[in-house]
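Structure record follows, encoded as structure tokens.
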Amino acid sequence: MDGNIEKYMAIRHDITHIFEAKEALKKQSRTDTLTGVGNRVKLIRDIERFNRPFVVMFDIARFNEINDFYGYELGDHILKAFVETLKIFLPHGASLYRINADEFVYLGKLFSQNQQQQITQNFHTIHEHLNKNALTVAHNFITVSVTTSLSFEDKSRLLLCAEIAKNHAKKIQSNFCVYSYDIEAQKQSKNNILWATNIKNALSKDEILVYFQPIMDNQTFQITKYETLVRMRCDGSIVSPDIFLEIAKKTHQYIEITKRVIKKACEIFSQNTLRFSINLTMEDIEDESLSIFLWETVERYGVENRMILEIVETENIKHLHKVEAFIVKARAYGLLIAIDDFGTGYSNFGNLFRIKSDFIKIDGSLIENLHAKDSTLDIVKAIVTFAQSCGSKTVAEYVSSEDLFKTVCNLGIDFSQGFFVGKASPMLMESNKNTL
């Protein structure tokens, strides 16, 4: 034995069955076991793989009723017969998928935009055949009703748009539809009409509501002021402003909503000594009737020096001269000024020197990320330093936890607002959060 290697021993294992099992499992995970075509998982993967794909969706109407009437076993045979019928009309080896119990999709490739019209005509012919001719199933002739929809949209919206077209086809009882933007635009128009009516009804029934979110003094832990927020009651539910305000602007109902909020807030706060804020947009500031209403209401309820007007920072940058003129008038009536959502957009610190706001509300997206990003912390520190240099108090929005509250206090921010302090409510808080 001299320590040199004289030969090797090889041990062989046949692992072919392992690869075969793996491939079988892979195929099974992407195949509909009943019909043998691809499933939704495979369809989604193939859409990404295809260049310029389009889809055709076939939906068998009321298939549950077919199962109940003929039985589930025959129902399975109907699905198989449906697939075989489709294959007669589709190219050999066509990419066909079953994505739901009664829904099938054909995935094709679009080589040019000029093909769309011909493809649509071809599948309209297939659609008519499927609806006019019975399927032969176990020596029985079964007639099915099929809704067909086509989508030539971008990959990211391909299936969604086919679904939208399918639903639209059913709604208009044509059972055949090619997706177009007009379908969604029409749906949006109906939604706008609905909400315009809801807003009109809410105004007539006095169902424009005011909610109040408390704002805490970070030194005394006392609730010293509230932000007034608008809500609407609709069919017994409370609706948030992001649902209806933009529609209200387009239907010329927005200014009336702001007037209702101003009046209700002044009524409530005339009964105490707390400060409160109202949010104003450029639509409000530019509307002369609202300005007159604001000054008259403030005087009537005697809330001078306690009402704070919150102006969104991203808007006052664009219309600074109009904002300045409005603020001069507001200060003449003893109102205070806050710049809302500061730090979200192009935060022009120089413009704030001209406005000289009483409060700067630091946008919630910055406060939320104080613990996540050092750069955010630096930005907030800069805002606080700047505010102190020009005599403005700072308010942190979206303060959602005690840890965040402590960080805000350590940064020298004067006030906190958010779920940790209190959620928006139709009632003012009965007691202050002074046990921190």
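Chain labels run A, B, ... following the order of the structure tokens; each chain numbers its residues from 1, and ligands are numbered from 1 in the order shown.
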
Item checked: Lys87 of chain A surroundings by only C-alpha atoms, 12 Å radius, close-in-sequence under 5 positions cut, as a ChimeraX atom specification -> /A:35,37,80-82,92-97,104-106,126,130

Include N, CA and C atoms and write out the residues we just selected as a JSON list (two decimals), in the first residue's frame.
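The new file selection_9.json reads:
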```json
[["chain", "number", "residue", "atom", "x", "y", "z"],
["A", 35, "THR", "N", -60.68, 18.16, -18.54],
["A", 35, "THR", "CA", -60.71, 18.36, -20.00],
["A", 35, "THR", "C", -59.34, 18.19, -20.66],
["A", 37, "VAL", "N", -57.07, 20.43, -20.96],
["A", 37, "VAL", "CA", -56.49, 21.69, -21.45],
["A", 37, "VAL", "C", -55.77, 22.39, -20.29],
["A", 80, "LYS", "N", -66.44, 18.40, -21.59],
["A", 80, "LYS", "CA", -65.48, 17.75, -22.50],
["A", 80, "LYS", "C", -65.91, 17.92, -23.96],
["A", 81, "ALA", "N", -67.22, 17.77, -24.21],
["A", 81, "ALA", "CA", -67.73, 17.92, -25.58],
["A", 81, "ALA", "C", -67.56, 19.37, -26.05],
["A", 82, "PHE", "N", -67.72, 20.30, -25.15],
["A", 82, "PHE", "CA", -67.56, 21.72, -25.49],
["A", 82, "PHE", "C", -66.12, 22.00, -25.93],
["A", 92, "HIS", "N", -54.69, 23.76, -34.97],
["A", 92, "HIS", "CA", -54.18, 22.55, -34.33],
["A", 92, "HIS", "C", -53.17, 22.92, -33.23],
["A", 93, "GLY", "N", -53.34, 22.32, -32.07],
["A", 93, "GLY", "CA", -52.44, 22.62, -30.95],
["A", 93, "GLY", "C", -52.70, 23.98, -30.32],
["A", 94, "ALA", "N", -53.91, 24.51, -30.51],
["A", 94, "ALA", "CA", -54.24, 25.84, -29.98],
["A", 94, "ALA", "C", -54.10, 25.89, -28.47],
["A", 95, "SER", "N", -53.75, 27.05, -27.97],
["A", 95, "SER", "CA", -53.61, 27.26, -26.52],
["A", 95, "SER", "C", -54.98, 27.50, -25.92],
["A", 96, "LEU", "N", -55.54, 26.45, -25.33],
["A", 96, "LEU", "CA", -56.88, 26.51, -24.77],
["A", 96, "LEU", "C", -56.80, 26.20, -23.28],
["A", 97, "TYR", "N", -57.63, 26.90, -22.49],
["A", 97, "TYR", "CA", -57.53, 26.79, -21.02],
["A", 97, "TYR", "C", -58.94, 26.78, -20.41],
["A", 104, "PHE", "N", -63.83, 29.09, -20.39],
["A", 104, "PHE", "CA", -62.67, 28.65, -21.16],
["A", 104, "PHE", "C", -62.06, 29.85, -21.88],
["A", 105, "VAL", "N", -60.75, 29.79, -22.09],
["A", 105, "VAL", "CA", -60.06, 30.90, -22.74],
["A", 105, "VAL", "C", -59.16, 30.35, -23.85],
["A", 106, "TYR", "N", -59.20, 31.04, -24.99],
["A", 106, "TYR", "CA", -58.25, 30.77, -26.06],
["A", 106, "TYR", "C", -57.24, 31.90, -26.06],
["A", 126, "ILE", "N", -67.59, 31.52, -34.82],
["A", 126, "ILE", "CA", -67.51, 30.41, -33.86],
["A", 126, "ILE", "C", -68.56, 30.57, -32.78],
["A", 130, "LEU", "N", -71.54, 27.87, -31.77],
["A", 130, "LEU", "CA", -71.68, 27.29, -30.43],
["A", 130, "LEU", "C", -73.08, 27.48, -29.87]]
```

Item checked: Selection near Ile278 of chain A, 12 Å with only C-alpha atoms, sequence-local residues under 5 positions removed, as number ranges by chain -> A: 210-213, 225-230, 258-266, 269, 284, 294, 298, 306-312, 335-340

Output file for the residues above (N, CA and C atoms, as a JSON list (two decimals), in the first residue's frame):
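again_23.json, freshly written:
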```json
[["chain", "number", "residue", "atom", "x", "y", "z"],
["A", 210, "VAL", "N", -70.34, 66.27, 9.79],
["A", 210, "VAL", "CA", -69.00, 66.67, 10.20],
["A", 210, "VAL", "C", -68.48, 65.71, 11.27],
["A", 211, "TYR", "N", -67.25, 65.27, 11.08],
["A", 211, "TYR", "CA", -66.53, 64.45, 12.05],
["A", 211, "TYR", "C", -65.35, 65.28, 12.56],
["A", 212, "PHE", "N", -64.83, 64.89, 13.71],
["A", 212, "PHE", "CA", -63.76, 65.67, 14.32],
["A", 212, "PHE", "C", -62.62, 64.75, 14.76],
["A", 213, "GLN", "N", -61.40, 65.08, 14.34],
["A", 213, "GLN", "CA", -60.24, 64.32, 14.80],
["A", 213, "GLN", "C", -59.42, 65.19, 15.75],
["A", 225, "LYS", "N", -57.28, 71.17, 20.13],
["A", 225, "LYS", "CA", -58.01, 71.54, 18.92],
["A", 225, "LYS", "C", -58.40, 70.28, 18.15],
["A", 226, "TYR", "N", -59.27, 70.50, 17.16],
["A", 226, "TYR", "CA", -59.78, 69.41, 16.33],
["A", 226, "TYR", "C", -59.75, 69.79, 14.86],
["A", 227, "GLU", "N", -59.51, 68.79, 14.02],
["A", 227, "GLU", "CA", -59.68, 69.01, 12.59],
["A", 227, "GLU", "C", -61.07, 68.55, 12.19],
["A", 228, "THR", "N", -61.78, 69.41, 11.48],
["A", 228, "THR", "CA", -63.13, 69.09, 11.02],
["A", 228, "THR", "C", -63.05, 68.36, 9.69],
["A", 229, "LEU", "N", -63.70, 67.22, 9.61],
["A", 229, "LEU", "CA", -63.68, 66.38, 8.41],
["A", 229, "LEU", "C", -65.10, 66.15, 7.92],
["A", 230, "VAL", "N", -65.27, 66.05, 6.62],
["A", 230, "VAL", "CA", -66.61, 65.86, 6.06],
["A", 230, "VAL", "C", -66.89, 64.39, 5.82],
["A", 258, "THR", "N", -68.92, 72.49, 1.30],
["A", 258, "THR", "CA", -68.00, 73.23, 2.17],
["A", 258, "THR", "C", -68.77, 74.18, 3.09],
["A", 259, "LYS", "N", -69.77, 74.84, 2.54],
["A", 259, "LYS", "CA", -70.58, 75.76, 3.36],
["A", 259, "LYS", "C", -71.27, 75.01, 4.50],
["A", 260, "ARG", "N", -71.79, 73.83, 4.23],
["A", 260, "ARG", "CA", -72.45, 73.04, 5.28],
["A", 260, "ARG", "C", -71.45, 72.69, 6.39],
["A", 261, "VAL", "N", -70.23, 72.31, 5.98],
["A", 261, "VAL", "CA", -69.20, 71.94, 6.95],
["A", 261, "VAL", "C", -68.84, 73.14, 7.82],
["A", 262, "ILE", "N", -68.65, 74.31, 7.20],
["A", 262, "ILE", "CA", -68.30, 75.53, 7.93],
["A", 262, "ILE", "C", -69.38, 75.86, 8.96],
["A", 263, "LYS", "N", -70.63, 75.85, 8.52],
["A", 263, "LYS", "CA", -71.74, 76.22, 9.41],
["A", 263, "LYS", "C", -71.86, 75.26, 10.59],
["A", 264, "LYS", "N", -71.81, 73.95, 10.30],
["A", 264, "LYS", "CA", -71.97, 72.97, 11.38],
["A", 264, "LYS", "C", -70.81, 73.03, 12.37],
["A", 265, "ALA", "N", -69.60, 73.20, 11.86],
["A", 265, "ALA", "CA", -68.44, 73.28, 12.75],
["A", 265, "ALA", "C", -68.52, 74.51, 13.62],
["A", 266, "CYS", "N", -68.90, 75.65, 13.05],
["A", 266, "CYS", "CA", -69.00, 76.89, 13.84],
["A", 266, "CYS", "C", -70.08, 76.78, 14.91],
["A", 269, "PHE", "N", -68.51, 74.52, 17.77],
["A", 269, "PHE", "CA", -67.39, 75.09, 18.52],
["A", 269, "PHE", "C", -67.73, 76.45, 19.14],
["A", 284, "ASP", "N", -62.43, 76.38, -3.16],
["A", 284, "ASP", "CA", -63.03, 77.16, -2.08],
["A", 284, "ASP", "C", -62.50, 78.60, -2.08],
["A", 294, "LEU", "N", -68.14, 82.48, 4.57],
["A", 294, "LEU", "CA", -67.19, 82.18, 5.63],
["A", 294, "LEU", "C", -67.07, 83.35, 6.61],
["A", 298, "VAL", "N", -68.38, 83.17, 10.56],
["A", 298, "VAL", "CA", -67.41, 83.34, 11.65],
["A", 298, "VAL", "C", -67.88, 84.42, 12.61],
["A", 306, "ARG", "N", -60.20, 81.36, 16.78],
["A", 306, "ARG", "CA", -60.22, 79.92, 17.12],
["A", 306, "ARG", "C", -60.35, 79.05, 15.88],
["A", 307, "MET", "N", -60.81, 79.62, 14.78],
["A", 307, "MET", "CA", -60.91, 78.85, 13.55],
["A", 307, "MET", "C", -59.57, 78.90, 12.80],
["A", 308, "ILE", "N", -59.13, 77.71, 12.38],
["A", 308, "ILE", "CA", -57.90, 77.58, 11.60],
["A", 308, "ILE", "C", -58.27, 77.12, 10.19],
["A", 309, "LEU", "N", -57.77, 77.83, 9.20],
["A", 309, "LEU", "CA", -58.01, 77.43, 7.81],
["A", 309, "LEU", "C", -56.81, 76.64, 7.31],
["A", 310, "GLU", "N", -57.04, 75.36, 6.97],
["A", 310, "GLU", "CA", -55.96, 74.50, 6.47],
["A", 310, "GLU", "C", -55.95, 74.53, 4.94],
["A", 311, "ILE", "N", -54.81, 74.95, 4.40],
["A", 311, "ILE", "CA", -54.65, 75.05, 2.94],
["A", 311, "ILE", "C", -53.60, 74.04, 2.51],
["A", 312, "VAL", "N", -53.93, 73.24, 1.49],
["A", 312, "VAL", "CA", -53.03, 72.18, 1.05],
["A", 312, "VAL", "C", -51.80, 72.78, 0.40],
["A", 335, "LEU", "N", -58.80, 84.96, 11.76],
["A", 335, "LEU", "CA", -58.63, 83.53, 11.55],
["A", 335, "LEU", "C", -57.15, 83.16, 11.49],
["A", 336, "LEU", "N", -56.85, 81.92, 11.88],
["A", 336, "LEU", "CA", -55.49, 81.40, 11.86],
["A", 336, "LEU", "C", -55.27, 80.58, 10.58],
["A", 337, "ILE", "N", -54.02, 80.41, 10.18],
["A", 337, "ILE", "CA", -53.70, 79.74, 8.92],
["A", 337, "ILE", "C", -52.77, 78.55, 9.18],
["A", 338, "ALA", "N", -53.10, 77.43, 8.55],
["A", 338, "ALA", "CA", -52.24, 76.24, 8.60],
["A", 338, "ALA", "C", -51.94, 75.79, 7.18],
["A", 339, "ILE", "N", -50.71, 75.37, 6.94],
["A", 339, "ILE", "CA", -50.35, 74.75, 5.66],
["A", 339, "ILE", "C", -50.43, 73.24, 5.85],
["A", 340, "ASP", "N", -51.33, 72.60, 5.10],
["A", 340, "ASP", "CA", -51.59, 71.17, 5.28],
["A", 340, "ASP", "C", -50.70, 70.34, 4.36]]
```

Checklist line | Non-local contacts of segment 139-153 of chain A (9 Å; only C-alpha atoms; under 4 positions in same chain excluded) as a PyMOL selection string | finding: chain A and resi 52-63+66+78+110+116+120+123-124+127-128+130-135+157-167+169-170+174-180

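For the residues A:Asn369, A:Asn198, A:Ser357, A:Thr407, ranking by smallest atom-to-atom distance to Gly391 of chain A using only C-alpha atoms places A:Ser357 first.
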
Notebook entry, point to check: If you run DSSP on the backbone, which residues of segment 28-211 of chain A are strand (DSSP E), as a VMD selection string?
Noted result: chain A and resid 53 to 60 95 to 100 103 to 109 135 to 137 140 to 142 146 to 151 176 to 178 208 to 211

Prev. selection, C-alpha atoms, output as a short mmCIF file (atom, residue, chain, number, x, y, z; two decimals), in the first residue's frame:
```
data_model
loop_
_atom_site.label_atom_id
_atom_site.label_comp_id
_atom_site.auth_asym_id
_atom_site.auth_seq_id
_atom_site.Cartn_x
_atom_site.Cartn_y
_atom_site.Cartn_z
CA PRO A 53 -51.19 38.08 -27.03
CA PHE A 54 -54.96 38.36 -27.24
CA VAL A 55 -57.60 36.27 -25.48
CA VAL A 56 -61.07 35.00 -26.28
CA MET A 57 -63.22 34.02 -23.30
CA PHE A 58 -66.10 31.54 -23.60
CA ASP A 59 -68.55 31.40 -20.71
CA ILE A 60 -71.28 28.72 -20.59
CA SER A 95 -53.61 27.26 -26.52
CA LEU A 96 -56.88 26.51 -24.77
CA TYR A 97 -57.53 26.79 -21.02
CA ARG A 98 -60.26 26.13 -18.50
CA ILE A 99 -60.07 28.93 -15.92
CA ASN A 100 -63.31 28.33 -14.03
CA GLU A 103 -65.21 29.37 -18.44
CA PHE A 104 -62.67 28.65 -21.16
CA VAL A 105 -60.06 30.90 -22.74
CA TYR A 106 -58.25 30.77 -26.06
CA LEU A 107 -54.87 32.51 -26.10
CA GLY A 108 -53.66 33.73 -29.46
CA LYS A 109 -50.85 35.82 -30.92
CA LEU A 135 -73.45 19.32 -28.42
CA THR A 136 -73.54 15.55 -28.80
CA VAL A 137 -73.11 14.10 -25.33
CA ASN A 140 -77.96 13.15 -26.26
CA PHE A 141 -78.17 16.54 -27.96
CA ILE A 142 -77.50 19.30 -25.43
CA VAL A 146 -72.33 30.82 -24.58
CA THR A 147 -71.11 34.37 -23.94
CA THR A 148 -67.96 35.23 -25.89
CA SER A 149 -65.66 38.17 -25.17
CA LEU A 150 -62.38 39.29 -26.73
CA SER A 151 -59.55 41.38 -25.36
CA PHE A 176 -70.67 38.81 -27.75
CA CYS A 177 -68.37 41.70 -27.01
CA VAL A 178 -64.90 43.04 -27.78
CA ILE A 208 -73.67 66.09 4.96
CA LEU A 209 -71.98 65.34 8.30
CA VAL A 210 -69.00 66.67 10.20
CA TYR A 211 -66.53 64.45 12.05
#
```

Next item on the list: Please identify all polymer residues within 12 Å of Ile257 of chain A, counting only C-alpha atoms, omitting same-chain residues fewer than 5 positions from it, and present them as a PyMOL selection string.
Entry: chain A and resi 199-200+202-204+206-210+229-232+241+244-249+251-252+262-264+279-280+283-284+290

Could you take the residues named above and write them with N, CA and C atoms, as an mmCIF file, in the first residue's frame?
```cif
data_model
loop_
_atom_site.group_PDB
_atom_site.id
_atom_site.type_symbol
_atom_site.label_atom_id
_atom_site.label_comp_id
_atom_site.auth_asym_id
_atom_site.auth_seq_id
_atom_site.Cartn_x
_atom_site.Cartn_y
_atom_site.Cartn_z
ATOM 1 N N ILE A 199 -75.353 62.759 -3.727
ATOM 2 C CA ILE A 199 -74.919 64.017 -3.112
ATOM 3 C C ILE A 199 -76.087 64.995 -3.036
ATOM 4 N N LYS A 200 -76.848 65.087 -4.122
ATOM 5 C CA LYS A 200 -78.012 65.983 -4.141
ATOM 6 C C LYS A 200 -79.008 65.610 -3.046
ATOM 7 N N ALA A 202 -78.314 63.952 -0.270
ATOM 8 C CA ALA A 202 -77.700 64.216 1.039
ATOM 9 C C ALA A 202 -77.801 65.693 1.402
ATOM 10 N N LEU A 203 -77.626 66.563 0.423
ATOM 11 C CA LEU A 203 -77.750 68.001 0.681
ATOM 12 C C LEU A 203 -79.190 68.367 1.041
ATOM 13 N N SER A 204 -80.133 67.783 0.337
ATOM 14 C CA SER A 204 -81.544 68.113 0.599
ATOM 15 C C SER A 204 -82.034 67.542 1.924
ATOM 16 N N ASP A 206 -80.065 67.056 4.586
ATOM 17 C CA ASP A 206 -79.118 67.471 5.625
ATOM 18 C C ASP A 206 -78.304 66.274 6.127
ATOM 19 N N GLU A 207 -77.775 65.493 5.186
ATOM 20 C CA GLU A 207 -76.976 64.328 5.542
ATOM 21 C C GLU A 207 -75.504 64.506 5.168
ATOM 22 N N ILE A 208 -75.086 65.764 5.014
ATOM 23 C CA ILE A 208 -73.668 66.090 4.963
ATOM 24 C C ILE A 208 -73.238 66.262 6.415
ATOM 25 N N LEU A 209 -72.324 65.421 6.876
ATOM 26 C CA LEU A 209 -71.982 65.340 8.296
ATOM 27 C C LEU A 209 -70.581 65.881 8.561
ATOM 28 N N VAL A 210 -70.343 66.272 9.794
ATOM 29 C CA VAL A 210 -68.996 66.675 10.203
ATOM 30 C C VAL A 210 -68.481 65.711 11.267
ATOM 31 N N LEU A 229 -63.704 67.222 9.613
ATOM 32 C CA LEU A 229 -63.676 66.383 8.408
ATOM 33 C C LEU A 229 -65.105 66.149 7.920
ATOM 34 N N VAL A 230 -65.271 66.051 6.623
ATOM 35 C CA VAL A 230 -66.606 65.864 6.060
ATOM 36 C C VAL A 230 -66.892 64.390 5.822
ATOM 37 N N ARG A 231 -68.141 64.014 6.047
ATOM 38 C CA ARG A 231 -68.644 62.680 5.731
ATOM 39 C C ARG A 231 -70.034 62.849 5.132
ATOM 40 N N MET A 232 -70.554 61.779 4.533
ATOM 41 C CA MET A 232 -71.900 61.826 3.982
ATOM 42 C C MET A 232 -72.643 60.553 4.347
ATOM 43 N N PRO A 241 -65.032 61.040 2.222
ATOM 44 C CA PRO A 241 -65.002 62.067 1.173
ATOM 45 C C PRO A 241 -64.309 61.658 -0.115
ATOM 46 N N PHE A 244 -66.921 60.829 -2.794
ATOM 47 C CA PHE A 244 -67.875 61.756 -3.395
ATOM 48 C C PHE A 244 -67.371 63.172 -3.676
ATOM 49 N N LEU A 245 -66.264 63.596 -3.071
ATOM 50 C CA LEU A 245 -65.865 64.994 -3.219
ATOM 51 C C LEU A 245 -65.470 65.365 -4.646
ATOM 52 N N GLU A 246 -64.693 64.507 -5.318
ATOM 53 C CA GLU A 246 -64.289 64.832 -6.683
ATOM 54 C C GLU A 246 -65.487 64.913 -7.618
ATOM 55 N N ILE A 247 -66.458 64.032 -7.410
ATOM 56 C CA ILE A 247 -67.678 64.082 -8.214
ATOM 57 C C ILE A 247 -68.454 65.354 -7.888
ATOM 58 N N ALA A 248 -68.476 65.737 -6.606
ATOM 59 C CA ALA A 248 -69.161 66.966 -6.196
ATOM 60 C C ALA A 248 -68.559 68.185 -6.880
ATOM 61 N N LYS A 249 -67.240 68.191 -7.071
ATOM 62 C CA LYS A 249 -66.589 69.305 -7.762
ATOM 63 C C LYS A 249 -67.050 69.398 -9.213
ATOM 64 N N THR A 251 -69.839 68.315 -10.462
ATOM 65 C CA THR A 251 -71.279 68.541 -10.589
ATOM 66 C C THR A 251 -71.714 69.831 -9.892
ATOM 67 N N HIS A 252 -70.737 70.654 -9.534
ATOM 68 C CA HIS A 252 -70.993 71.975 -8.949
ATOM 69 C C HIS A 252 -71.781 71.898 -7.633
ATOM 70 N N ILE A 262 -68.646 74.306 7.198
ATOM 71 C CA ILE A 262 -68.300 75.526 7.932
ATOM 72 C C ILE A 262 -69.382 75.860 8.955
ATOM 73 N N LYS A 263 -70.626 75.850 8.521
ATOM 74 C CA LYS A 263 -71.738 76.224 9.412
ATOM 75 C C LYS A 263 -71.856 75.262 10.587
ATOM 76 N N LYS A 264 -71.807 73.949 10.302
ATOM 77 C CA LYS A 264 -71.971 72.967 11.382
ATOM 78 C C LYS A 264 -70.813 73.028 12.373
ATOM 79 N N ASN A 279 -60.677 72.439 6.290
ATOM 80 C CA ASN A 279 -59.844 72.273 5.097
ATOM 81 C C ASN A 279 -60.416 73.072 3.927
ATOM 82 N N LEU A 280 -59.553 73.822 3.245
ATOM 83 C CA LEU A 280 -59.967 74.583 2.071
ATOM 84 C C LEU A 280 -59.092 74.225 0.878
ATOM 85 N N GLU A 283 -60.611 75.521 -5.062
ATOM 86 C CA GLU A 283 -62.002 75.766 -5.462
ATOM 87 C C GLU A 283 -62.691 76.640 -4.431
ATOM 88 N N ASP A 284 -62.425 76.377 -3.158
ATOM 89 C CA ASP A 284 -63.029 77.165 -2.076
ATOM 90 C C ASP A 284 -62.495 78.602 -2.084
ATOM 91 N N LEU A 290 -68.357 81.678 -1.355
ATOM 92 C CA LEU A 290 -67.919 80.937 -0.170
ATOM 93 C C LEU A 290 -67.167 81.848 0.792
#
```

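Counting from atom CA of Leu320 of chain A, the distance to atom CA of Asp341 of chain A is 15.9 Å.
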
Next item on the list: Write out as a PyMOL selection string all residues of segment 11-224 of chain A that backbone DSSP assigns to alpha helix (DSSP H).
Entry: chain A and resi 16-29+40-49+63-70+72-89+115-132+158-171+181-204

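The space between atom CA of Val395 of chain A and atom CA of Leu352 of chain A spans 15.4 Å.
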
Note to self: I'd like to know which of A:Glu397, A:Asp403, A:Glu184, A:Glu256 is closest to Gly422 of chain A, using only C-alpha atoms.
What the structure shows: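 Checking each candidate against Gly422 of chain A, we get A:Glu397 as the closest.
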
Check: When distances are computed from only C-alpha atoms, which of A:Gly418, A:Pro91, A:Gly334, A:Gly412 shows the smallest separation from Gln219 of chain A?
Finding: A:Gly412
